[in-house]
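*Asks:* Sharing protein.txt below, compact mmCIF, C-alpha atoms:
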# COMPACT_ATOMS: atom_id res chain seq x y z
CA GLN A 270 10.09 -21.59 23.19
CA LEU A 271 9.01 -19.82 20.01
CA ARG A 272 11.78 -19.26 17.49
CA LEU A 273 11.72 -17.25 14.28
CA GLN A 274 14.43 -17.67 11.65
CA GLU A 275 14.82 -15.54 8.55
CA SER A 276 16.30 -16.95 5.34
CA GLY A 277 16.91 -15.66 1.85
CA PRO A 278 19.46 -14.00 -0.44
CA GLY A 279 21.74 -11.44 1.18
CA LEU A 280 22.32 -9.59 -2.08
CA VAL A 281 19.68 -8.35 -4.51
CA LYS A 282 20.21 -6.30 -7.66
CA PRO A 283 18.45 -2.95 -8.12
CA SER A 284 15.01 -3.22 -9.74
CA GLU A 285 14.73 -6.89 -8.80
CA THR A 286 12.58 -8.53 -6.13
CA LEU A 287 13.66 -9.14 -2.55
CA SER A 288 12.31 -12.39 -1.12
CA LEU A 289 12.67 -13.56 2.46
CA THR A 290 11.14 -16.43 4.39
CA CYS A 291 10.61 -16.75 8.12
CA THR A 292 10.34 -20.24 9.59
CA VAL A 293 8.40 -20.56 12.82
CA SER A 294 9.24 -23.26 15.35
CA GLY A 295 8.16 -23.92 18.90
CA ALA A 296 4.59 -22.71 18.40
CA SER A 297 1.77 -23.05 15.91
CA ILE A 298 1.55 -20.45 13.16
CA THR A 299 -2.23 -21.03 13.12
CA SER A 300 -2.86 -19.96 16.71
CA SER A 301 -5.62 -17.37 16.75
CA GLY A 302 -4.92 -13.87 17.95
CA PHE A 303 -1.42 -13.70 16.50
CA TYR A 304 -0.03 -11.96 13.45
CA TRP A 305 3.21 -12.60 11.62
CA GLY A 306 5.15 -9.74 10.12
CA TRP A 307 8.26 -7.93 9.02
CA ILE A 308 10.19 -4.94 10.34
CA ARG A 309 13.35 -3.50 8.85
CA GLN A 310 16.24 -1.38 10.03
CA SER A 311 18.12 0.58 7.41
CA PRO A 312 21.82 1.36 8.02
CA GLY A 313 22.16 4.06 10.65
CA LYS A 314 18.41 4.47 10.89
CA GLY A 315 15.61 3.31 13.09
CA LEU A 316 13.01 0.59 12.80
CA LYS A 317 10.28 0.60 10.19
CA TRP A 318 7.20 -1.60 10.30
CA ILE A 319 6.59 -3.20 6.88
CA GLY A 320 3.44 -5.19 7.50
CA HIS A 321 1.89 -8.31 8.98
CA ILE A 322 -0.50 -11.13 8.18
CA SER A 323 -2.88 -13.36 10.10
CA TYR A 324 -2.74 -17.12 9.63
CA SER A 325 -5.96 -16.82 7.64
CA GLY A 326 -4.35 -14.41 5.22
CA ASN A 327 -5.55 -10.95 6.30
CA THR A 328 -2.77 -8.49 5.52
CA TYR A 329 -1.81 -5.03 6.80
CA TYR A 330 0.93 -2.98 5.15
CA THR A 331 2.63 0.33 5.79
CA PRO A 332 1.35 2.82 3.18
CA SER A 333 4.77 3.91 1.93
CA LEU A 334 5.64 0.35 0.82
CA LYS A 335 2.18 -1.04 0.13
CA SER A 336 2.47 -0.88 -3.67
CA ARG A 337 5.63 -3.05 -3.63
CA VAL A 338 5.06 -5.44 -0.71
CA THR A 339 3.42 -8.83 -0.42
CA ILE A 340 3.38 -10.89 2.77
CA SER A 341 2.09 -14.43 2.52
CA VAL A 342 1.76 -17.40 4.85
CA ASP A 343 2.22 -21.13 4.28
CA THR A 344 0.64 -22.87 7.25
CA SER A 345 1.58 -26.34 5.99
CA LYS A 346 5.25 -25.44 6.29
CA SER A 347 4.88 -23.16 9.32
CA ARG A 348 6.43 -20.22 7.56
CA PHE A 349 5.62 -16.83 6.12
CA SER A 350 7.29 -14.75 3.47
CA LEU A 351 8.07 -11.23 2.34
CA ARG A 352 8.31 -10.05 -1.26
CA LEU A 353 9.44 -6.52 -2.05
CA THR A 354 9.52 -5.61 -5.72
CA SER A 355 11.54 -3.00 -7.65
CA VAL A 356 14.14 -2.62 -4.93
CA THR A 357 16.63 0.25 -4.75
CA ALA A 358 19.61 0.96 -2.51
CA ALA A 359 17.14 2.52 -0.05
CA ASP A 360 15.79 -0.97 0.62
CA THR A 361 19.15 -2.14 1.98
CA ALA A 362 18.44 -3.10 5.58
CA ILE A 363 18.34 -5.74 8.26
CA TYR A 364 14.96 -7.44 7.89
CA TYR A 365 13.41 -8.92 11.03
CA CYS A 366 10.50 -11.31 11.08
CA VAL A 367 8.23 -10.88 14.07
CA ARG A 368 5.16 -12.20 15.82
CA ARG A 369 2.57 -9.68 16.88
CA ALA A 370 0.59 -10.77 19.93
CA ARG A 371 -2.58 -8.67 20.06
CA ASP A 372 -0.45 -5.52 20.25
CA PRO A 373 3.31 -5.70 20.85
CA PHE A 374 5.81 -7.56 18.74
CA ASP A 375 6.65 -10.18 21.32
CA TYR A 376 9.05 -12.41 19.37
CA TRP A 377 11.66 -11.41 16.81
CA GLY A 378 14.08 -13.25 14.58
CA GLN A 379 17.77 -12.39 14.70
CA GLY A 380 17.47 -10.48 11.45
CA ALA A 381 18.75 -10.94 7.91
CA LEU A 382 20.90 -8.34 6.21
CA VAL A 383 19.84 -7.69 2.64
CA THR A 384 22.01 -5.46 0.47
CA VAL A 385 20.72 -3.98 -2.77
CA SER A 386 23.62 -3.54 -5.15
CA SER A 387 24.60 -4.40 -8.68
CA ASP B 203 1.60 9.16 10.62
CA ILE B 204 2.25 9.49 14.35
CA GLN B 205 5.81 10.68 14.96
CA MET B 206 7.67 9.23 17.92
CA THR B 207 10.58 11.26 19.29
CA GLN B 208 13.04 9.81 21.77
CA SER B 209 15.53 11.64 23.96
CA PRO B 210 18.31 11.75 24.73
CA SER B 211 20.28 10.09 22.01
CA PRO B 212 22.86 8.91 22.60
CA LEU B 213 22.99 8.48 26.35
CA SER B 214 26.21 7.79 28.26
CA ALA B 215 26.02 6.25 31.71
CA SER B 216 27.89 4.04 34.15
CA VAL B 217 27.11 0.70 35.73
CA GLY B 218 24.85 1.33 38.72
CA ASP B 219 23.37 4.57 37.34
CA ARG B 220 19.67 5.24 37.15
CA VAL B 221 18.71 6.27 33.62
CA THR B 222 15.53 7.50 32.03
CA ILE B 223 14.70 7.53 28.34
CA THR B 224 11.83 9.68 27.14
CA CYS B 225 9.50 9.02 24.22
CA ARG B 226 7.08 11.66 22.99
CA ALA B 227 4.24 11.04 20.51
CA SER B 228 3.04 13.68 18.06
CA GLN B 229 -0.54 13.04 19.21
CA SER B 230 -2.20 11.19 22.05
CA ILE B 231 -1.76 7.43 21.89
CA SER B 232 -3.35 6.51 25.23
CA THR B 233 -1.08 3.74 26.56
CA TYR B 234 -0.45 2.00 23.24
CA LEU B 235 3.28 2.24 23.75
CA ASN B 236 5.85 -0.56 23.78
CA TRP B 237 9.60 -0.60 24.48
CA TYR B 238 12.23 -2.83 22.88
CA GLN B 239 15.92 -3.52 23.45
CA LEU B 240 18.20 -4.14 20.47
CA LYS B 241 21.71 -5.55 20.53
CA PRO B 242 23.82 -6.22 17.41
CA GLY B 243 23.47 -9.76 16.13
CA LYS B 244 20.76 -10.71 18.60
CA ALA B 245 17.01 -10.99 18.33
CA PRO B 246 15.41 -7.77 19.62
CA LYS B 247 13.60 -8.11 22.90
CA LEU B 248 10.24 -6.77 24.04
CA LEU B 249 10.71 -5.17 27.45
CA ILE B 250 7.48 -3.37 28.24
CA SER B 251 4.05 -3.31 26.63
CA ALA B 252 1.06 -1.02 27.15
CA SER B 253 3.33 1.66 28.59
CA SER B 254 4.03 -0.06 31.91
CA SER B 255 3.52 -3.82 31.68
CA LEU B 256 6.83 -5.58 32.28
CA GLN B 257 7.26 -8.67 30.14
CA SER B 258 7.89 -12.04 31.74
CA GLY B 259 11.59 -12.62 32.31
CA VAL B 260 12.57 -8.95 32.06
CA PRO B 261 14.45 -7.77 35.16
CA SER B 262 12.48 -5.60 37.58
CA ARG B 263 15.05 -2.81 37.26
CA PHE B 264 13.23 -1.91 34.04
CA SER B 265 10.03 0.09 34.35
CA GLY B 266 7.82 2.14 32.08
CA SER B 267 5.25 4.84 32.60
CA GLY B 268 3.20 7.45 30.83
CA SER B 269 0.03 7.99 28.86
CA GLY B 270 -1.19 10.35 26.19
CA THR B 271 1.90 11.79 24.54
CA ASP B 272 4.71 11.42 27.08
CA PHE B 273 6.33 8.17 28.15
CA THR B 274 9.44 7.07 29.98
CA LEU B 275 11.56 3.95 30.25
CA THR B 276 13.62 3.81 33.42
CA ILE B 277 16.45 1.47 34.34
CA SER B 278 16.94 1.75 38.08
CA SER B 279 20.50 0.42 38.31
CA LEU B 280 22.36 -0.14 35.06
CA GLN B 281 23.97 -3.52 34.53
CA PRO B 282 26.67 -4.27 31.94
CA GLU B 283 24.18 -6.22 29.81
CA ASP B 284 21.87 -3.19 29.56
CA PHE B 285 24.13 -1.26 27.20
CA ALA B 286 22.11 -1.46 24.00
CA THR B 287 19.76 0.59 21.84
CA TYR B 288 16.21 1.16 23.03
CA TYR B 289 13.18 1.90 20.87
CA CYS B 290 9.67 2.97 21.68
CA GLN B 291 6.79 2.00 19.37
CA GLN B 292 3.17 3.08 19.09
CA SER B 293 0.33 0.92 17.90
CA TYR B 294 -2.54 3.35 18.52
CA LEU B 295 -2.92 4.18 14.84
CA SER B 296 -1.72 2.55 11.66
CA PRO B 297 0.94 2.75 10.41
CA ILE B 298 2.78 1.42 13.43
CA THR B 299 5.75 3.72 14.06
CA PHE B 300 8.91 3.63 16.14
CA GLY B 301 11.08 6.26 17.75
CA GLN B 302 14.50 6.86 16.28
CA GLY B 303 16.16 4.86 19.06
CA THR B 304 18.31 5.73 22.06
CA ARG B 305 21.77 4.24 22.13
CA LEU B 306 22.91 3.67 25.70
CA ASP B 307 26.71 3.76 25.90
CA ILE B 308 29.15 3.03 28.68
CA LYS B 309 30.60 6.26 30.09
Represent the supplied structure as structure tokens.

*Replies:*
Amino acid sequence: QLRLQESGPGLVKPSETLSLTCTVSGASITSSGFYWGWIRQSPGKGLKWIGHISYSGNTYYTPSLKSRVTISVDTSKSRFSLRLTSVTAADTAIYYCVRRARDPFDYWGQGALVTVSS
Amino acid sequence: DIQMTQSPSPLSASVGDRVTITCRASQSISTYLNWYQLKPGKAPKLLISASSSLQSGVPSRFSGSGSGTDFTLTISSLQPEDFATYYCQQSYLSPITFGQGTRLDIK
């Protein structure tokens, strides 16, 4: 059974960089046809797609965050990562790592709450 | 961006009720519409893909339909474990967008 687990700091200061890692277990991160990505849910708001990456490194980002986001993959460690620079309070959210299977997001992590505050 | 609008929100219902959640897209998205269930502290769950394809392991009381701009998620007989928040999502055009969510509460 595929499992995704987010890890990283729960508190980030304004203007700094948010970094999260998602560890994949139970399936190969190099399987073709799958993408690995991030979705967030801000307090009291809905879900927002951030972006995703193929195991070969092709990336796709939402335009509103594209200038601040980097998603990378480390196939040797079966994990992928999110970096979001110059964070503000508006970036406070639960961050979910996900697998995208051709179209839908078929597996999700439990989510990691990241608070931006000084 | 394609806007996804869900209704109603919130929705109050009782165990055993039949409920329908509607999702409307701001432009035609064919059947590129997926539904998810979110519960606090748990990994979100994909219920239905491509408008009407029930995912393996999802109870048959869940069903989806629609194409173009109008879609529905129906739960035929609510069970206690179904009280959650439901989101629709389109993948017809980038950026991928979600509805604002429908919270399903116990009446």

*Asks:* Residues of chain B were defined as contacting chain A if any atom lay at most 10 Å from it, counting all atoms listed in the file; please report them as a VMD selection string.

*Replies:* chain B and resid 203 234 to 238 241 to 252 257 289 to 294 296 to 304

*Asks:* Can you write just those residues out, C-alpha atoms, as a short mmCIF file (atom, residue, chain, number, x, y, z; two decimals), in the coordinates of the input?

*Replies:*
data_model
loop_
_atom_site.label_atom_id
_atom_site.label_comp_id
_atom_site.auth_asym_id
_atom_site.auth_seq_id
_atom_site.Cartn_x
_atom_site.Cartn_y
_atom_site.Cartn_z
CA ASP B 203 1.60 9.16 10.62
CA TYR B 234 -0.45 2.00 23.24
CA LEU B 235 3.28 2.24 23.75
CA ASN B 236 5.85 -0.56 23.78
CA TRP B 237 9.60 -0.60 24.48
CA TYR B 238 12.23 -2.83 22.88
CA LYS B 241 21.71 -5.55 20.53
CA PRO B 242 23.82 -6.22 17.41
CA GLY B 243 23.47 -9.76 16.13
CA LYS B 244 20.76 -10.71 18.60
CA ALA B 245 17.01 -10.99 18.33
CA PRO B 246 15.41 -7.77 19.62
CA LYS B 247 13.60 -8.11 22.90
CA LEU B 248 10.24 -6.77 24.04
CA LEU B 249 10.71 -5.17 27.45
CA ILE B 250 7.48 -3.37 28.24
CA SER B 251 4.05 -3.31 26.63
CA ALA B 252 1.06 -1.02 27.15
CA GLN B 257 7.26 -8.67 30.14
CA TYR B 289 13.18 1.90 20.87
CA CYS B 290 9.67 2.97 21.68
CA GLN B 291 6.79 2.00 19.37
CA GLN B 292 3.17 3.08 19.09
CA SER B 293 0.33 0.92 17.90
CA TYR B 294 -2.54 3.35 18.52
CA SER B 296 -1.72 2.55 11.66
CA PRO B 297 0.94 2.75 10.41
CA ILE B 298 2.78 1.42 13.43
CA THR B 299 5.75 3.72 14.06
CA PHE B 300 8.91 3.63 16.14
CA GLY B 301 11.08 6.26 17.75
CA GLN B 302 14.50 6.86 16.28
CA GLY B 303 16.16 4.86 19.06
CA THR B 304 18.31 5.73 22.06
#

*Asks:* What's around Ser279 (chain B) at 8 Å? Count all atoms listed in the file, leave out sequence neighbours fewer than 2 positions away in its own chain, and write the answer as number ranges by chain.

*Replies:* B: 217-221, 263, 277, 281

*Asks:* Just want the 12 Å neighbourhood of Thr328 (chain A), counted on only C-alpha atoms, with same-chain residues fewer than 6 positions away dropped. Output as an MDAnalysis selection string.

*Replies:* chainID A and resid 304:307 319:322 335 338:342 349 351

*Asks:* Please produce an output containing C-alpha atoms for each residue in the selection, written as a PDB file, in the coordinates of the input.

*Replies:*
ATOM      1  CA  TYR A 304      -0.030 -11.960  13.450  1.00  0.00           C
ATOM      2  CA  TRP A 305       3.210 -12.600  11.620  1.00  0.00           C
ATOM      3  CA  GLY A 306       5.150  -9.740  10.120  1.00  0.00           C
ATOM      4  CA  TRP A 307       8.260  -7.930   9.020  1.00  0.00           C
ATOM      5  CA  ILE A 319       6.590  -3.200   6.880  1.00  0.00           C
ATOM      6  CA  GLY A 320       3.440  -5.190   7.500  1.00  0.00           C
ATOM      7  CA  HIS A 321       1.890  -8.310   8.980  1.00  0.00           C
ATOM      8  CA  ILE A 322      -0.500 -11.130   8.180  1.00  0.00           C
ATOM      9  CA  LYS A 335       2.180  -1.040   0.130  1.00  0.00           C
ATOM     10  CA  VAL A 338       5.060  -5.440  -0.710  1.00  0.00           C
ATOM     11  CA  THR A 339       3.420  -8.830  -0.420  1.00  0.00           C
ATOM     12  CA  ILE A 340       3.380 -10.890   2.770  1.00  0.00           C
ATOM     13  CA  SER A 341       2.090 -14.430   2.520  1.00  0.00           C
ATOM     14  CA  VAL A 342       1.760 -17.400   4.850  1.00  0.00           C
ATOM     15  CA  PHE A 349       5.620 -16.830   6.120  1.00  0.00           C
ATOM     16  CA  LEU A 351       8.070 -11.230   2.340  1.00  0.00           C
TER      17      LEU A 351
END

*Asks:* Take CA of Ser355 (chain A) and CA of Leu287 (chain A) and report the distance between them in Å, one decimal.

*Replies:*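 Value for the CA of Ser355 (chain A)-CA of Leu287 (chain A) distance: 8.3 Å.
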
*Asks:* Do you know which residues are at most 7 Å from Ser232 (chain B) counting all atoms listed in the file, after dropping those on the same chain fewer than 2 positions away, and could you put them as an NGL selection string?

*Replies:* :B and (230 or 234 or 269-270)

*Asks:* Looking at only C-alpha atoms, which of B:Thr233, B:Ser254, B:Thr224, B:Ser209 is the one that sits closest to Leu295 (chain B)?

*Replies:*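 The shortest atom-to-atom distance to Leu295 (chain B) comes from B:Thr233.
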
*Asks:* Excluding Arg337 (chain A) and any residue of its chain fewer than 3 positions from it, enumerate the residues within 7 Å of it, using all atoms listed in the file, and give them as JSON, numbers by chain.

*Replies:* {"A": [334, 353, 354]}

*Asks:* Write out as a ChimeraX atom specification the residues lying within 10 Å of Ser284 (chain A), counting only C-alpha atoms and excluding same-chain residues fewer than 4 positions away.

*Replies:* /A:354-358,385-387

*Asks:* So how far away is CA of Glu275 (chain A) from CA of Ala296 (chain A), in Å?

*Replies:* 15.9 Å

*Asks:* Which one of B:Leu213, B:Ile204, B:Ile223, B:Leu240 sits closest to Lys309 (chain B) if you count all atoms listed in the file?

*Replies:* B:Leu213
